[in-house]
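Take a look at the structure below.
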Amino acid sequence: MNISYNWLKQYIDLPLGPEETAAKLTSLGLEVGAVETTQTIKGGLAGLIVAQVLTCEEHPDSDHLHVTTVDFGGETPVQVVCGAPNCRKGLKTILATIGTKLYDGDKEFAIKKSKIRGVESFGMLCAEDEIGIGSSHDGIIELPDDAVVGTPAKTYYHIEDDALIEVDITPNRADAISHYGVARDLAAALGKKAVKPSVEAFKVNTHDRSIRVKVENEKACPRYTGLTILGVEVKESPDWLKQRLTSIGQRPINNIVDITNFIINELGQPLHCFDADQIAGDQVIVRNLPEGTPFVTLDGVERKLSANDLVICNPKEGMCLAGVFGGLKSGVTEKTKNVFIESAYFDPVTIRKTARRHGLNTDASFRYERGCDPNICVYALKRAALLIQELAGGIVSGDIIDLYPNPVADFQVTLRYDKVNSLIGKELSKTTVKNILEGLEIRIDNETDDELQLSVPPYRVDVQRDVDVIEDILRVYGYDNIQPNANLKSSISYSTTPDSTRLQNRAGGQLTGEGFMEIMNNSLTKLSYYTGLTSYPAENAVRIMNPLGSDLSVMRQTLLMGGLESIAHNRNRRRFNLKFYEFGACYHYHAENRNVEKPLKAYSEENHLALWMCGNTHEQSWTDAERKVNFFDLKGYVTSLLTRLGIPSGKYVSKPYQADIYRQAIRLETYQGKVLATIGIVSDQLLRDFDIDTEVFYADLEWKAVLQTVGNHKMLFSDIAKFPEVKRDLALLLDQDITFEQVEKTAYEVERKLLKKVVLFDVYEGKNLEPGKKSYAVSFTLQDANKTLDDRQIDSIMQRLIQAYEQKLGAKIR
């Protein structure tokens, strides 16, 4: 939200400059994102001076130029050549002196000494549009006779430099979404008082006409106030009002609309101004319309209403989406003569759902969603009426309509002084506490030596308990004013084994050391990613009830899609060699587990670790040739990581796996059937969907299974063997469907004690082999920890291995 420093000073005697004010707001919990110096008119009219034309003669070499002598309050008058038709002797106008910078949109040009058809000119007499105070270019500016020559134009036009303070409002601070709300916080912190403009001058002028109001849905509209003003003149707003709006980045429209925009930024109370003559039957009805009712909003778009949308209607049709957006026909135009002003309090949930349903985000809905002040409606209405009468004329017709059947009560809080001091960590005086509460407009109903009975206004939707009040007291008192206690208190805590956080840090450290970069993606994602997938069906997605948009409509079922988004983003920026990893939760809906009494049983949340690789293994250099990453690179990283976590390769086996998200894949499973990881090549269809034109290798580690396996693994230590190891090789002719895993498993079944390692060091397929056959070259490492193996033992083991391979795998020894 943008806050104008000059505007802010209208409600508080502010002793701080813009930067100091920003720092104070941040300390109050209203974090300031930026402070920017602004000017109502670009350049601030610097170098422009009130001047008077002393002489005006025809140019000797032109039929439309004039040669003038101009007094601008300097030591001597200057000569200026001017082509304006209204240039004449005695005219008071604005002079741009030499060196003055003028602006035409984003273009800047400086006034220089020049010769115009042979006559020297030492400045320029200006039109309105040339200095930014108006749009006329019919002639130079004509000032009244009482304008003082030599007065800077900035002073004459009351142009002030301003500072735009960008405040990041958190959702719980609805009370601070206005200039007065920010001033109220500053006043409490500075020991001053924020002052609202007086509305005592408000009065009813006549009862000739009044719009009747009926509220049919009191739950969605707890309070509705309205007022009729007759005989207004819709026109351009005065400079002060336009400057207030432009200072915060809003575009002035006309005096009536600008007043409503001024008040929403002044007080935080949205208003809506209807053309009273467009209200059929002089009656406003607040109600819900039938499902699918067409309604054309102010932007010209026809929308289909929900039966849950609250609509401001007349007896014939809807006029406005309550608290969100006006209708096409109900707004104020230049022809409007009579207006009806609405100031209401709408249910935040109702407004939020309507705004999301129709994809609308307006200044009004932004405030109503967070909770406005139900007790400021009448004050805001009177403030608007007085401004309209001042700027547009008109008379107030009829009393203020105020339908408030069930007033919203203040929050009742009991605040004990000892609890204040205990939570804050410092003893505050009772006077300090009461002064802060008064500054925050929290009323003290009753007081004893030990406690206060408080009434917290309903616009403070986040302050309903004593601890909330204490938090407010602390932020106003200042966190920097609390000195830390010298005593150190600690407690013994016990962590579960294995420690998931510790293992995550270990895994992250290893992957980072191997060149991977950690990424963090949103757990909200697109439903369309899962449409047509069998691995992660769309019907199993956990859907968001009120999504911010279609791109964030479901919880992710897999980390894969977020990683592919990151890969596409990087490749579009010419970063091709990528290695990513991410820790994150995935979410699933299981319709078969749905239980009315225990609805959460239908949902599951699982933690995963995902790895992605694409491009080359390393950047090209003169020492190493380029090489594309491949499946075995990623598998190597995964097995190395599992070993680092305490799961050696002997604790799991790899099995082929098929799924529509992979072109090819394997699974690493424990002997008890737990899936530790899935490693594969992402399917071509998914890559096309993400516009990725290279192979992507993806591994998904199921973190719960990893933790359970780590927990059952005992780390053993042994001395280096004193006796040598022996290696023997076999060349096996096998069927194509036989895997090395089967070869390795068979070997360990034959010899568990002395066989230490089985390595596949060559694979051959092709010429000189029978069809459907392949050749594996396998190395076996044998070792006895207690003695040196002799040839008889070695030959015996190798013969048993050969027999096992021939009998179990149908192998032939080459």
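As shown in the structure tokens, the chain order sets the letters A, B, ...; within each chain, residues go from 1, and ligands are also counted from 1 in the order they appear.
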All residues 12 Å or closer to Gln672 (chain A), only C-alpha atoms, same chain fewer than 3 positions away omitted, as an MDAnalysis selection string: chainID A and resid 651:653 668:669 675:676 705 708:709 712
I'd like the neighbourhood of Ile802 (chain A) as a VMD selection string, where a residue qualifies if any of its atoms comes within 8 Å (using only C-alpha atoms), though same-chain residues fewer than 4 positions away should be ignored. chain A and resid 798 806 813
Got time to write the residues from that selection, N, CA, C and O atoms, as a compact mmCIF listing (two decimals), in the first residue's frame?
```txt
# COMPACT_ATOMS: atom_id res chain seq x y z
N MET A 798 34.87 -71.33 -7.32
CA MET A 798 34.57 -70.97 -8.71
C MET A 798 33.76 -72.07 -9.40
O MET A 798 32.86 -71.77 -10.21
N GLU A 806 24.95 -72.16 -14.37
CA GLU A 806 24.43 -73.06 -15.42
C GLU A 806 23.05 -73.57 -15.05
O GLU A 806 22.15 -73.65 -15.92
N ILE A 813 29.69 -71.01 -20.00
CA ILE A 813 30.98 -70.38 -19.75
C ILE A 813 31.72 -70.27 -21.07
O ILE A 813 31.90 -71.27 -21.78
```
Could you go through region 280-359 of chain A and tell me which residues DSSP, when run on the backbone, assigns to alpha helix (DSSP H), listing them as a PyMOL selection string? chain A and resi 348-357
Selection file, N, CA, C and O atoms, as a PDB file, in the first residue's frame:
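Generated output (selection01.pdb):
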```
ATOM      1  N   PRO A 348     -16.461 -10.427   5.508  1.00  0.00           N
ATOM      2  CA  PRO A 348     -15.202 -10.633   4.783  1.00  0.00           C
ATOM      3  C   PRO A 348     -15.159 -11.919   3.961  1.00  0.00           C
ATOM      4  O   PRO A 348     -14.645 -11.926   2.845  1.00  0.00           O
ATOM      5  N   VAL A 349     -15.695 -13.020   4.501  1.00  0.00           N
ATOM      6  CA  VAL A 349     -15.640 -14.304   3.788  1.00  0.00           C
ATOM      7  C   VAL A 349     -16.458 -14.236   2.501  1.00  0.00           C
ATOM      8  O   VAL A 349     -16.035 -14.713   1.448  1.00  0.00           O
ATOM      9  N   THR A 350     -17.645 -13.634   2.587  1.00  0.00           N
ATOM     10  CA  THR A 350     -18.499 -13.507   1.404  1.00  0.00           C
ATOM     11  C   THR A 350     -17.810 -12.712   0.312  1.00  0.00           C
ATOM     12  O   THR A 350     -17.818 -13.105  -0.868  1.00  0.00           O
ATOM     13  N   ILE A 351     -17.195 -11.597   0.684  1.00  0.00           N
ATOM     14  CA  ILE A 351     -16.531 -10.751  -0.310  1.00  0.00           C
ATOM     15  C   ILE A 351     -15.332 -11.462  -0.908  1.00  0.00           C
ATOM     16  O   ILE A 351     -15.102 -11.411  -2.125  1.00  0.00           O
ATOM     17  N   ARG A 352     -14.569 -12.152  -0.067  1.00  0.00           N
ATOM     18  CA  ARG A 352     -13.378 -12.838  -0.567  1.00  0.00           C
ATOM     19  C   ARG A 352     -13.758 -13.910  -1.588  1.00  0.00           C
ATOM     20  O   ARG A 352     -13.127 -14.052  -2.634  1.00  0.00           O
ATOM     21  N   LYS A 353     -14.798 -14.676  -1.298  1.00  0.00           N
ATOM     22  CA  LYS A 353     -15.205 -15.747  -2.213  1.00  0.00           C
ATOM     23  C   LYS A 353     -15.722 -15.172  -3.531  1.00  0.00           C
ATOM     24  O   LYS A 353     -15.437 -15.709  -4.605  1.00  0.00           O
ATOM     25  N   THR A 354     -16.480 -14.085  -3.466  1.00  0.00           N
ATOM     26  CA  THR A 354     -16.983 -13.472  -4.698  1.00  0.00           C
ATOM     27  C   THR A 354     -15.835 -12.931  -5.534  1.00  0.00           C
ATOM     28  O   THR A 354     -15.791 -13.132  -6.756  1.00  0.00           O
ATOM     29  N   ALA A 355     -14.890 -12.247  -4.900  1.00  0.00           N
ATOM     30  CA  ALA A 355     -13.755 -11.683  -5.633  1.00  0.00           C
ATOM     31  C   ALA A 355     -12.941 -12.786  -6.304  1.00  0.00           C
ATOM     32  O   ALA A 355     -12.546 -12.666  -7.470  1.00  0.00           O
ATOM     33  N   ARG A 356     -12.690 -13.884  -5.598  1.00  0.00           N
ATOM     34  CA  ARG A 356     -11.915 -14.980  -6.182  1.00  0.00           C
ATOM     35  C   ARG A 356     -12.701 -15.674  -7.285  1.00  0.00           C
ATOM     36  O   ARG A 356     -12.151 -16.075  -8.310  1.00  0.00           O
ATOM     37  N   ARG A 357     -13.998 -15.818  -7.056  1.00  0.00           N
ATOM     38  CA  ARG A 357     -14.831 -16.526  -8.025  1.00  0.00           C
ATOM     39  C   ARG A 357     -14.818 -15.827  -9.382  1.00  0.00           C
ATOM     40  O   ARG A 357     -14.801 -16.468 -10.431  1.00  0.00           O
TER      41      ARG A 357
END
```
Report the distance between CA of Thr151 (chain A) and CA of Asn86 (chain A) in Å, rounded to one decimal place. 21.7 Å
In region 134-381 of chain A, what's strand (DSSP E or B) per DSSP? Answer as a PyMOL selection string? chain A and resi 143+152+161-168+206+212-215+223-230+271-275+283-288+294-297+302-304+310-313+318-321+325-327+339-345
Extract, using only C-alpha atoms, all DNA, RNA and protein residues at most 10 Å from Glu514 (chain A), discarding same-chain residues fewer than 6 positions from it, and format them as a PDB file with N, CA and C atoms, in the first residue's frame.
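Writing the result to result-v9.pdb gives the following:
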```pdb
ATOM      1  N   GLY A 508      21.835 -32.903   1.809  1.00  0.00           N
ATOM      2  CA  GLY A 508      22.003 -31.640   1.095  1.00  0.00           C
ATOM      3  C   GLY A 508      23.461 -31.255   0.957  1.00  0.00           C
ATOM      4  N   LYS A 579      21.874 -29.415 -12.599  1.00  0.00           N
ATOM      5  CA  LYS A 579      21.728 -30.477 -11.600  1.00  0.00           C
ATOM      6  C   LYS A 579      21.008 -29.868 -10.397  1.00  0.00           C
ATOM      7  N   TYR A 637      24.895 -41.066  -8.422  1.00  0.00           N
ATOM      8  CA  TYR A 637      24.678 -40.069  -7.375  1.00  0.00           C
ATOM      9  C   TYR A 637      23.710 -40.589  -6.310  1.00  0.00           C
TER      10      TYR A 637
END
```
Show me, as a PDB file with all heavy atoms, in the first residue's frame, the residues that have an atom within 12 Å of Glu20 (chain A) when counting only C-alpha atoms, minus same-chain residues fewer than 4 positions from it.
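Ended up saving to part31.pdb:
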```pdb
ATOM      1  N   TYR A   5       3.601  10.882   2.343  1.00  0.00           N
ATOM      2  CA  TYR A   5       4.121  11.512   3.559  1.00  0.00           C
ATOM      3  C   TYR A   5       3.375  12.818   3.856  1.00  0.00           C
ATOM      4  O   TYR A   5       2.988  13.074   5.003  1.00  0.00           O
ATOM      5  CB  TYR A   5       5.622  11.757   3.394  1.00  0.00           C
ATOM      6  CG  TYR A   5       6.258  12.511   4.529  1.00  0.00           C
ATOM      7  CD1 TYR A   5       6.484  11.906   5.759  1.00  0.00           C
ATOM      8  CD2 TYR A   5       6.653  13.840   4.376  1.00  0.00           C
ATOM      9  CE1 TYR A   5       7.082  12.589   6.807  1.00  0.00           C
ATOM     10  CE2 TYR A   5       7.244  14.538   5.415  1.00  0.00           C
ATOM     11  CZ  TYR A   5       7.452  13.904   6.629  1.00  0.00           C
ATOM     12  OH  TYR A   5       8.034  14.588   7.668  1.00  0.00           O
ATOM     13  N   LEU A  14       3.721  15.394  12.820  1.00  0.00           N
ATOM     14  CA  LEU A  14       4.785  14.410  12.631  1.00  0.00           C
ATOM     15  C   LEU A  14       6.144  15.088  12.683  1.00  0.00           C
ATOM     16  O   LEU A  14       6.495  15.876  11.785  1.00  0.00           O
ATOM     17  CB  LEU A  14       4.594  13.696  11.288  1.00  0.00           C
ATOM     18  CG  LEU A  14       5.371  12.412  11.041  1.00  0.00           C
ATOM     19  CD1 LEU A  14       5.090  11.388  12.122  1.00  0.00           C
ATOM     20  CD2 LEU A  14       5.015  11.844   9.672  1.00  0.00           C
ATOM     21  N   PRO A  15       6.948  14.792  13.697  1.00  0.00           N
ATOM     22  CA  PRO A  15       8.273  15.431  13.808  1.00  0.00           C
ATOM     23  C   PRO A  15       9.358  14.714  13.013  1.00  0.00           C
ATOM     24  O   PRO A  15      10.508  15.138  13.024  1.00  0.00           O
ATOM     25  CB  PRO A  15       8.555  15.351  15.314  1.00  0.00           C
ATOM     26  CG  PRO A  15       7.873  14.092  15.748  1.00  0.00           C
ATOM     27  CD  PRO A  15       6.653  13.953  14.880  1.00  0.00           C
ATOM     28  N   LEU A  16       9.019  13.613  12.356  1.00  0.00           N
ATOM     29  CA  LEU A  16      10.005  12.790  11.658  1.00  0.00           C
ATOM     30  C   LEU A  16       9.992  13.069  10.164  1.00  0.00           C
ATOM     31  O   LEU A  16       8.948  13.392   9.584  1.00  0.00           O
ATOM     32  CB  LEU A  16       9.714  11.302  11.889  1.00  0.00           C
ATOM     33  CG  LEU A  16       9.563  10.840  13.344  1.00  0.00           C
ATOM     34  CD1 LEU A  16       9.192   9.366  13.377  1.00  0.00           C
ATOM     35  CD2 LEU A  16      10.832  11.089  14.125  1.00  0.00           C
ATOM     36  N   LYS A  24      10.379   4.059  11.649  1.00  0.00           N
ATOM     37  CA  LYS A  24       9.451   3.911  12.776  1.00  0.00           C
ATOM     38  C   LYS A  24       8.310   2.963  12.417  1.00  0.00           C
ATOM     39  O   LYS A  24       7.904   2.119  13.234  1.00  0.00           O
ATOM     40  CB  LYS A  24       8.904   5.280  13.185  1.00  0.00           C
ATOM     41  CG  LYS A  24       7.865   5.244  14.310  1.00  0.00           C
ATOM     42  CD  LYS A  24       8.428   4.616  15.574  1.00  0.00           C
ATOM     43  CE  LYS A  24       9.424   5.510  16.256  1.00  0.00           C
ATOM     44  NZ  LYS A  24       9.854   4.955  17.571  1.00  0.00           N
ATOM     45  N   LEU A  25       7.792   3.053  11.202  1.00  0.00           N
ATOM     46  CA  LEU A  25       6.708   2.157  10.781  1.00  0.00           C
ATOM     47  C   LEU A  25       7.182   0.706  10.770  1.00  0.00           C
ATOM     48  O   LEU A  25       6.453  -0.200  11.192  1.00  0.00           O
ATOM     49  CB  LEU A  25       6.207   2.557   9.391  1.00  0.00           C
ATOM     50  CG  LEU A  25       5.397   3.849   9.312  1.00  0.00           C
ATOM     51  CD1 LEU A  25       5.082   4.201   7.862  1.00  0.00           C
ATOM     52  CD2 LEU A  25       4.107   3.731  10.109  1.00  0.00           C
ATOM     53  N   THR A  26       8.402   0.475  10.296  1.00  0.00           N
ATOM     54  CA  THR A  26       8.934  -0.883  10.281  1.00  0.00           C
ATOM     55  C   THR A  26       9.041  -1.425  11.698  1.00  0.00           C
ATOM     56  O   THR A  26       8.711  -2.591  11.959  1.00  0.00           O
ATOM     57  CB  THR A  26      10.300  -0.912   9.586  1.00  0.00           C
ATOM     58  OG1 THR A  26      10.138  -0.496   8.212  1.00  0.00           O
ATOM     59  CG2 THR A  26      10.897  -2.305   9.611  1.00  0.00           C
ATOM     60  N   SER A  27       9.479  -0.598  12.633  1.00  0.00           N
ATOM     61  CA  SER A  27       9.589  -1.050  14.021  1.00  0.00           C
ATOM     62  C   SER A  27       8.223  -1.319  14.635  1.00  0.00           C
ATOM     63  O   SER A  27       8.100  -2.096  15.578  1.00  0.00           O
ATOM     64  CB  SER A  27      10.336  -0.010  14.855  1.00  0.00           C
ATOM     65  OG  SER A  27       9.547   1.150  15.070  1.00  0.00           O
ATOM     66  N   VAL A  32       8.201  -1.351   5.764  1.00  0.00           N
ATOM     67  CA  VAL A  32       8.302  -0.455   4.618  1.00  0.00           C
ATOM     68  C   VAL A  32       9.215  -1.089   3.581  1.00  0.00           C
ATOM     69  O   VAL A  32      10.357  -1.456   3.874  1.00  0.00           O
ATOM     70  CB  VAL A  32       8.837   0.927   5.040  1.00  0.00           C
ATOM     71  CG1 VAL A  32       9.099   1.802   3.814  1.00  0.00           C
ATOM     72  CG2 VAL A  32       7.838   1.612   5.964  1.00  0.00           C
ATOM     73  N   VAL A  35      11.067   3.823   0.027  1.00  0.00           N
ATOM     74  CA  VAL A  35      10.695   5.238   0.172  1.00  0.00           C
ATOM     75  C   VAL A  35      11.187   5.955  -1.072  1.00  0.00           C
ATOM     76  O   VAL A  35      12.374   5.893  -1.406  1.00  0.00           O
ATOM     77  CB  VAL A  35      11.319   5.868   1.436  1.00  0.00           C
ATOM     78  CG1 VAL A  35      10.924   7.338   1.539  1.00  0.00           C
ATOM     79  CG2 VAL A  35      10.895   5.119   2.685  1.00  0.00           C
ATOM     80  N   ALA A 163       7.019  12.338  -0.424  1.00  0.00           N
ATOM     81  CA  ALA A 163       7.692  11.037  -0.354  1.00  0.00           C
ATOM     82  C   ALA A 163       6.636   9.949  -0.349  1.00  0.00           C
ATOM     83  O   ALA A 163       5.664  10.025   0.411  1.00  0.00           O
ATOM     84  CB  ALA A 163       8.565  10.939   0.896  1.00  0.00           C
ATOM     85  N   ILE A 165       5.754   6.325   0.585  1.00  0.00           N
ATOM     86  CA  ILE A 165       6.205   5.263   1.481  1.00  0.00           C
ATOM     87  C   ILE A 165       5.411   4.001   1.147  1.00  0.00           C
ATOM     88  O   ILE A 165       4.185   3.975   1.280  1.00  0.00           O
ATOM     89  CB  ILE A 165       6.000   5.656   2.953  1.00  0.00           C
ATOM     90  CG1 ILE A 165       6.735   6.961   3.263  1.00  0.00           C
ATOM     91  CG2 ILE A 165       6.474   4.544   3.877  1.00  0.00           C
ATOM     92  CD1 ILE A 165       6.459   7.507   4.649  1.00  0.00           C
ATOM     93  N   LEU A 186       1.465   5.548  14.374  1.00  0.00           N
ATOM     94  CA  LEU A 186       2.569   6.468  14.639  1.00  0.00           C
ATOM     95  C   LEU A 186       2.292   7.319  15.872  1.00  0.00           C
ATOM     96  O   LEU A 186       3.185   7.567  16.687  1.00  0.00           O
ATOM     97  CB  LEU A 186       2.791   7.377  13.421  1.00  0.00           C
ATOM     98  CG  LEU A 186       3.510   6.742  12.224  1.00  0.00           C
ATOM     99  CD1 LEU A 186       3.455   7.667  11.032  1.00  0.00           C
ATOM    100  CD2 LEU A 186       4.961   6.413  12.570  1.00  0.00           C
TER     101      LEU A 186
END
```
Need the shell around Lys635 (chain A): protein/DNA/RNA residues with any atom at most 12 Å away, counting only C-alpha atoms. Skip same-chain ones fewer than 2 positions apart. Format as a ChimeraX atom specification? /A:611-613,629-633,637-642,649,654,665-668,677-681,697-701
Near-region 121-126 of chain A list (8 Å; only C-alpha atoms; drop same-chain fewer than 5 positions) as an MDAnalysis selection string: chainID A and resid 78:82 93:98 111:116 131 140:141
Write the residues you've just listed into a file as a compact mmCIF listing (two decimals), in the first residue's frame, and include N, CA and C atoms for each of them.
```txt
# COMPACT_ATOMS: atom_id res chain seq x y z
N VAL A 78 14.82 40.63 -19.16
CA VAL A 78 15.43 39.83 -20.22
C VAL A 78 14.58 39.91 -21.48
N GLN A 79 15.25 39.65 -22.61
CA GLN A 79 14.55 39.65 -23.89
C GLN A 79 14.14 38.23 -24.23
N VAL A 80 12.87 38.05 -24.59
CA VAL A 80 12.35 36.73 -24.91
C VAL A 80 11.53 36.83 -26.19
N VAL A 81 11.77 35.93 -27.14
CA VAL A 81 10.96 35.83 -28.35
C VAL A 81 9.82 34.87 -28.08
N CYS A 82 8.58 35.30 -28.38
CA CYS A 82 7.40 34.50 -28.07
C CYS A 82 6.45 34.47 -29.26
N THR A 93 2.74 36.27 -16.46
CA THR A 93 2.78 34.88 -16.93
C THR A 93 3.92 34.14 -16.25
N ILE A 94 4.28 32.98 -16.79
CA ILE A 94 5.36 32.17 -16.23
C ILE A 94 6.52 32.15 -17.21
N LEU A 95 7.72 32.45 -16.70
CA LEU A 95 8.93 32.46 -17.51
C LEU A 95 9.81 31.28 -17.13
N ALA A 96 10.27 30.54 -18.15
CA ALA A 96 11.28 29.50 -17.95
C ALA A 96 12.63 30.12 -18.24
N THR A 97 13.48 30.26 -17.21
CA THR A 97 14.78 30.90 -17.37
C THR A 97 15.77 29.92 -18.01
N ILE A 98 16.90 30.49 -18.44
CA ILE A 98 17.93 29.65 -19.09
C ILE A 98 18.42 28.59 -18.12
N ILE A 111 16.10 24.72 -21.43
CA ILE A 111 15.97 26.03 -22.07
C ILE A 111 17.37 26.64 -22.20
N LYS A 112 17.70 27.01 -23.42
CA LYS A 112 19.02 27.58 -23.69
C LYS A 112 18.88 28.96 -24.34
N LYS A 113 19.97 29.72 -24.25
CA LYS A 113 20.03 30.97 -24.99
C LYS A 113 20.03 30.63 -26.47
N SER A 114 19.18 31.30 -27.24
CA SER A 114 19.06 30.94 -28.65
C SER A 114 18.78 32.18 -29.49
N LYS A 115 18.90 32.01 -30.80
CA LYS A 115 18.53 33.06 -31.76
C LYS A 115 17.36 32.55 -32.58
N ILE A 116 16.28 33.31 -32.59
CA ILE A 116 15.10 32.94 -33.36
C ILE A 116 14.94 33.96 -34.47
N ILE A 131 4.43 23.18 -18.85
CA ILE A 131 5.02 23.03 -17.52
C ILE A 131 4.25 22.01 -16.67
N ILE A 140 0.10 31.47 -23.95
CA ILE A 140 0.87 31.41 -22.71
C ILE A 140 -0.07 31.64 -21.53
N ILE A 141 0.41 31.24 -20.35
CA ILE A 141 -0.40 31.33 -19.13
C ILE A 141 -0.69 32.79 -18.80
```
Name all residues at most 9 Å from Phe723 (chain A) (count only C-alpha atoms; drop same-chain ones fewer than 5 positions away) and give them as number ranges by chain. A: 783-789
Only N, CA and C atoms, please: the residues just picked out, written as an mmCIF file, in the first residue's frame.
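Result saved to selection_32.cif:
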```cif
data_model
loop_
_atom_site.group_PDB
_atom_site.id
_atom_site.type_symbol
_atom_site.label_atom_id
_atom_site.label_comp_id
_atom_site.auth_asym_id
_atom_site.auth_seq_id
_atom_site.Cartn_x
_atom_site.Cartn_y
_atom_site.Cartn_z
ATOM 1 N N GLN A 783 38.233 -63.325 -0.278
ATOM 2 C CA GLN A 783 39.192 -63.005 0.775
ATOM 3 C C GLN A 783 38.777 -63.683 2.081
ATOM 4 N N ASP A 784 39.799 -64.186 2.780
ATOM 5 C CA ASP A 784 39.584 -64.776 4.113
ATOM 6 C C ASP A 784 40.314 -63.895 5.123
ATOM 7 N N ALA A 785 39.622 -63.488 6.176
ATOM 8 C CA ALA A 785 40.220 -62.578 7.157
ATOM 9 C C ALA A 785 41.228 -63.283 8.054
ATOM 10 N N ASN A 786 41.244 -64.604 8.040
ATOM 11 C CA ASN A 786 42.086 -65.326 9.005
ATOM 12 C C ASN A 786 43.289 -66.030 8.373
ATOM 13 N N LYS A 787 43.288 -66.216 7.044
ATOM 14 C CA LYS A 787 44.403 -66.911 6.410
ATOM 15 C C LYS A 787 44.432 -66.599 4.924
ATOM 16 N N THR A 788 45.507 -67.004 4.291
ATOM 17 C CA THR A 788 45.638 -66.837 2.849
ATOM 18 C C THR A 788 44.935 -67.985 2.140
ATOM 19 N N LEU A 789 44.111 -67.657 1.161
ATOM 20 C CA LEU A 789 43.382 -68.674 0.410
ATOM 21 C C LEU A 789 44.337 -69.461 -0.479
#
```
